[in-house]
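A quick write-up on the structure given underneath.
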Amino acid sequence: MALRLPIYMDYNATTPVDPRVLEEMLPYFTEKFGNAASKSHAFGWTAEEAVNVGRERVAKLIGAQSATEVVITSGATESDNLAIKGVAEYLQDKGKHIITTTIEHKAVLDTCKRLEKQGWQVTYVPVGKEGLVDPDDIRKAMTDQTVLVSVMLANNEVGTVQPLEEIGKLTSERGILFHTDAVQGLGKVPFDVNATNADLVSISAHKMYGPKGVGALWVRRKPRRVRLVAQMDGGGHERGMRSGTLNVPGVVGLGKAAELAMLEGKDEAARALKMRERLRTLIMDGLDQVFLNGSLDRRLPGNLNLSFAFVEGEAIMMAIKDVAVSSGSACTSASLEPSYVLKAMGVGDELAHSSIRFGIGRFTTDEEVEYVGRLVVEKISGLREMSPLYEMYKEGVDLKSVQWAAH
Ligand SMILES: *Cc1c(COP(=O)(O)O)cnc(C)c1O
């Protein structure tokens with residue numbers, strides 16, 4: 001098969017909808033268009049039934065008992081907001097302290113910042129240079145005022161997989177609620193709400209081959225019933241936790257995506273890991289001064305985050321513009337700040353600015369991996385030929401003084 005350009009290698013940012021997911025969604029746009037909240041006729045019942053199948057599939061994927069624990073949202077940004085603000089508001093008389101980490105998604109970090117402005121205390125537990133949280137640091141941060149711990153399953157930039165079972169042990173011992181943003185890990189690494197003692201789990205469809213704009217917050221009911229205050233007022237849908245007419249085709253898609261992740265996730269992860277390792281080998285054998293960001297062992301199978309000393313991430317992206325990747329120096333905001341995740345891991349500004357995230361997924365082919373690996377080596381060699389710093393390095397000049405120290 002001929003290679004088609006551009007090549008998508010940014011599966012941590014979003015994923016295409018699997019054709020099997022789309023196929024199940026389609027009837028719910030047209031002939032089965034009912035409102036799932038319409039209790040008085042067959043159109044409504046059909047929609048409600050489909051939504052419940054979706055919930056069940058989501059529950060199954062995370063090892064949960066009951067589909068009624070699945071609260072549908074517009075995506076994980078909303079799920080993170082609802083979990084943290086909802087629990088904080090409900091438990092504000094019990095305590096006003098939350099523990100999270102420095103490498104959470106902005107949906108968690110910015111939510112915590114908002115709560116700080118409103119009088120809550122938030123501890124941002126740092127990570128080690130491999131991008132991993134030490135459960136003991138979580139334990140030490142716990143106080144009598146702590147009501148919630150929020151730690152992600154896997155990081156979206158560096159793919160590190162956090163020790164949630166250890167953390168969940170600590171929270172359950174102390175009677176503290178445990179929220180996890182599981183978006184990046186679902187269907188890629190094992191996750192189970194009971195093994196981790198999780199109380200709240202954020203899920204997004206579009207990171208696992210479902211549609212954008214739909215997700216879920218799983219809220220535990222048994223053996224302890226987790227309560228939260230709704231953040232949106234309206235018809236009292238979703239057991240009073242999230243009002244709004246359900247996106248029925250979206251929920252159908254979310255459910256099908258969850259089912260496929262459950263059935264095929266393990267094989268897919270093995271395949272992605274093989275391709276990821278092939279890509280890493282191609283690049284690291286072909287270039288010197290390349291650094292892996294994040295742990296190699298505790299890592300999402302399809303994630304490869306590398307820093308290429310002596311070249312800017314932006315320049316690399318330009319040079320390989322037929323390959324869709326992202327950079328730790330990409331100006332997601334107006335600022336030119338390098339990735340806060342890499343910074344939190346102690347990566348210096350220069351190496352953070354030279355980082356590239358490759359995301360491999362369901363539709364990546366071996367051919368694409370070979371092409372990208374060789375292209376990266378060729379283009380970065382070319383860029384470095386024009387770099388006086390790289391030349392100095394090759395000549396053995398000590399570059400520590402200009403802060404290009406390898407770490
Ligand atoms: C993408 C992502 C989100 C946001 O999910 P949306 O459904 O796009 O709002 C939250 N957390 C993590 C870890 C993500 O990767």
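Residues are referred to by chain and number: the chain letter is A, B, ... according to the order shown in the structure tokens, the number counts from 1 in that chain, and ligands are numbered separately from 1 in the order shown.
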
**Message:** Using DSSP secondary structure from the backbone, list all strand (DSSP E or B) positions within segment 50-232 of chain A, as number ranges by chain.
**Reply:** A: 70-73, 97-101, 121-125, 146-150, 154, 160-161, 177-181, 200-204, 215-219

**Request:** Find the residues near ligand 1. Use a cut-off of 6 Å, count only C-alpha atoms and all ligand atoms, and write them as a list in words.
**Result:** Gly75, Ala76, Thr77, His105, Ala107, Asn155, Asn156, Asp181, Val183, Gln184 and Ser204 of chain A

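Counting only C-alpha atoms and comparing A:Val189, A:Met152, A:Leu228, A:Leu91, the residue that lies closest to Lys266 of chain A is A:Val189.
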
**Message:** Could you list, as a list in words, every residue within 12 Å of His353 of chain A, counting only C-alpha atoms and ignoring same-chain residues fewer than 6 positions away?
**Reply:** Leu306, Ser307, Phe308, Ala309, Phe310, Val311, Glu312, Gly313, Glu314, Ala315, Ile316, Met317, Ser326, Ser327, Gly328, Ser329, Ala330, Cys331, Leu336, Glu337, Pro338, Ser339, Tyr340, Val341, Leu342, Lys343, Val347 and Trp404 of chain A

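When the distance limit is 12 Å and only C-alpha atoms are what count, the residues near Asp144 of chain A, minus those fewer than 2 positions from it on the same chain, are Lys94, Gly95, Lys96, His97, Ile98, Arg139, Lys140, Ala141, Met142, Thr146, Val147, Leu148, Arg174, Gly175 and Ile176 of chain A.
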
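Coordinates place atom CA of Trp218 of chain A at a distance of 7.8 Å from atom CA of Asp199 of chain A.
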
**Item:** Shell of 12 Å around Val21 of chain A, only C-alpha atoms, local chain residues under 6 positions omitted, as JSON, numbers by chain
**Value:** {"A": [27, 54, 205, 206, 208, 209, 210, 211, 249, 250, 251, 252, 253, 254, 255, 256, 257, 258, 259, 260, 261]}

Could you write those residues out with N, CA and C atoms, as a compact mmCIF listing (two decimals), in the first residue's frame?
```
# COMPACT_ATOMS: atom_id res chain seq x y z
N PRO A 27 -27.70 5.78 13.06
CA PRO A 27 -29.17 5.77 13.15
C PRO A 27 -29.72 6.74 14.20
N GLY A 54 -24.81 2.27 26.28
CA GLY A 54 -23.56 3.05 26.32
C GLY A 54 -22.98 3.11 27.72
N ALA A 205 -14.48 10.33 25.12
CA ALA A 205 -14.64 9.42 23.98
C ALA A 205 -13.56 9.64 22.92
N HIS A 206 -13.20 10.91 22.68
CA HIS A 206 -12.36 11.17 21.50
C HIS A 206 -10.89 10.80 21.67
N MET A 208 -10.28 7.74 22.62
CA MET A 208 -10.30 6.28 22.41
C MET A 208 -11.20 5.90 21.24
N TYR A 209 -11.08 6.67 20.16
CA TYR A 209 -11.73 6.34 18.87
C TYR A 209 -13.24 6.53 18.88
N GLY A 210 -13.70 7.38 19.78
CA GLY A 210 -15.09 7.80 19.79
C GLY A 210 -15.17 9.26 19.34
N PRO A 211 -16.38 9.82 19.36
CA PRO A 211 -16.54 11.20 18.88
C PRO A 211 -16.11 12.25 19.90
N PRO A 249 -26.44 10.14 20.04
CA PRO A 249 -25.45 9.49 19.16
C PRO A 249 -24.05 9.49 19.80
N GLY A 250 -23.75 10.57 20.49
CA GLY A 250 -22.45 10.66 21.16
C GLY A 250 -22.28 9.59 22.21
N VAL A 251 -23.31 9.36 23.00
CA VAL A 251 -23.23 8.34 24.05
C VAL A 251 -23.12 6.95 23.43
N VAL A 252 -23.85 6.74 22.33
CA VAL A 252 -23.75 5.46 21.62
C VAL A 252 -22.31 5.26 21.15
N GLY A 253 -21.71 6.33 20.62
CA GLY A 253 -20.32 6.26 20.16
C GLY A 253 -19.34 6.02 21.30
N LEU A 254 -19.56 6.72 22.39
CA LEU A 254 -18.71 6.52 23.58
C LEU A 254 -18.76 5.07 24.03
N GLY A 255 -19.98 4.52 24.05
CA GLY A 255 -20.15 3.15 24.50
C GLY A 255 -19.48 2.15 23.58
N LYS A 256 -19.67 2.34 22.27
CA LYS A 256 -19.04 1.42 21.32
C LYS A 256 -17.52 1.52 21.41
N ALA A 257 -17.02 2.74 21.56
CA ALA A 257 -15.57 2.94 21.70
C ALA A 257 -15.06 2.21 22.94
N ALA A 258 -15.84 2.29 24.03
CA ALA A 258 -15.44 1.62 25.27
C ALA A 258 -15.43 0.11 25.09
N GLU A 259 -16.44 -0.40 24.37
CA GLU A 259 -16.50 -1.84 24.13
C GLU A 259 -15.29 -2.32 23.32
N LEU A 260 -14.98 -1.57 22.27
CA LEU A 260 -13.83 -1.96 21.44
C LEU A 260 -12.53 -1.89 22.25
N ALA A 261 -12.43 -0.86 23.11
CA ALA A 261 -11.23 -0.73 23.94
C ALA A 261 -11.10 -1.93 24.86
```

Which segment 256-287 of chain A residues have any atom within 12 Å of an atom of segment 381-399 of chain A, and for each, what is the nearest pair of atoms with distance in Å to one decimal, counting only C-alpha atoms, rows sorted by chain and number, as CSV?
```
residue,atom,partner,partner_atom,distance
A:Ile283,CA,A:Ser381,CA,10.8
A:Gly286,CA,A:Ser381,CA,8.8
A:Leu287,CA,A:Ser381,CA,7.4
```

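The coordinates place atom CA of Asp80 of chain A at 8.5 Å from atom CA of His179 of chain A.
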
**Asked** How many Å separate atom CA of Glu130 of chain A from atom CA of Ser355 of chain A?
**Response** 15.0 Å

**Fill in**
Residue with the minimum atom-to-atom distance to Thr196 of chain A, picked from A:Pro135, A:Gly168, A:Gly373, A:Gly294 with only C-alpha atoms counted, is A:Gly168

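Nearest to Glu268 of chain A of all the residues A:Ala230, A:Leu61, A:Leu186, A:Met284 is A:Leu186, counting only C-alpha atoms.
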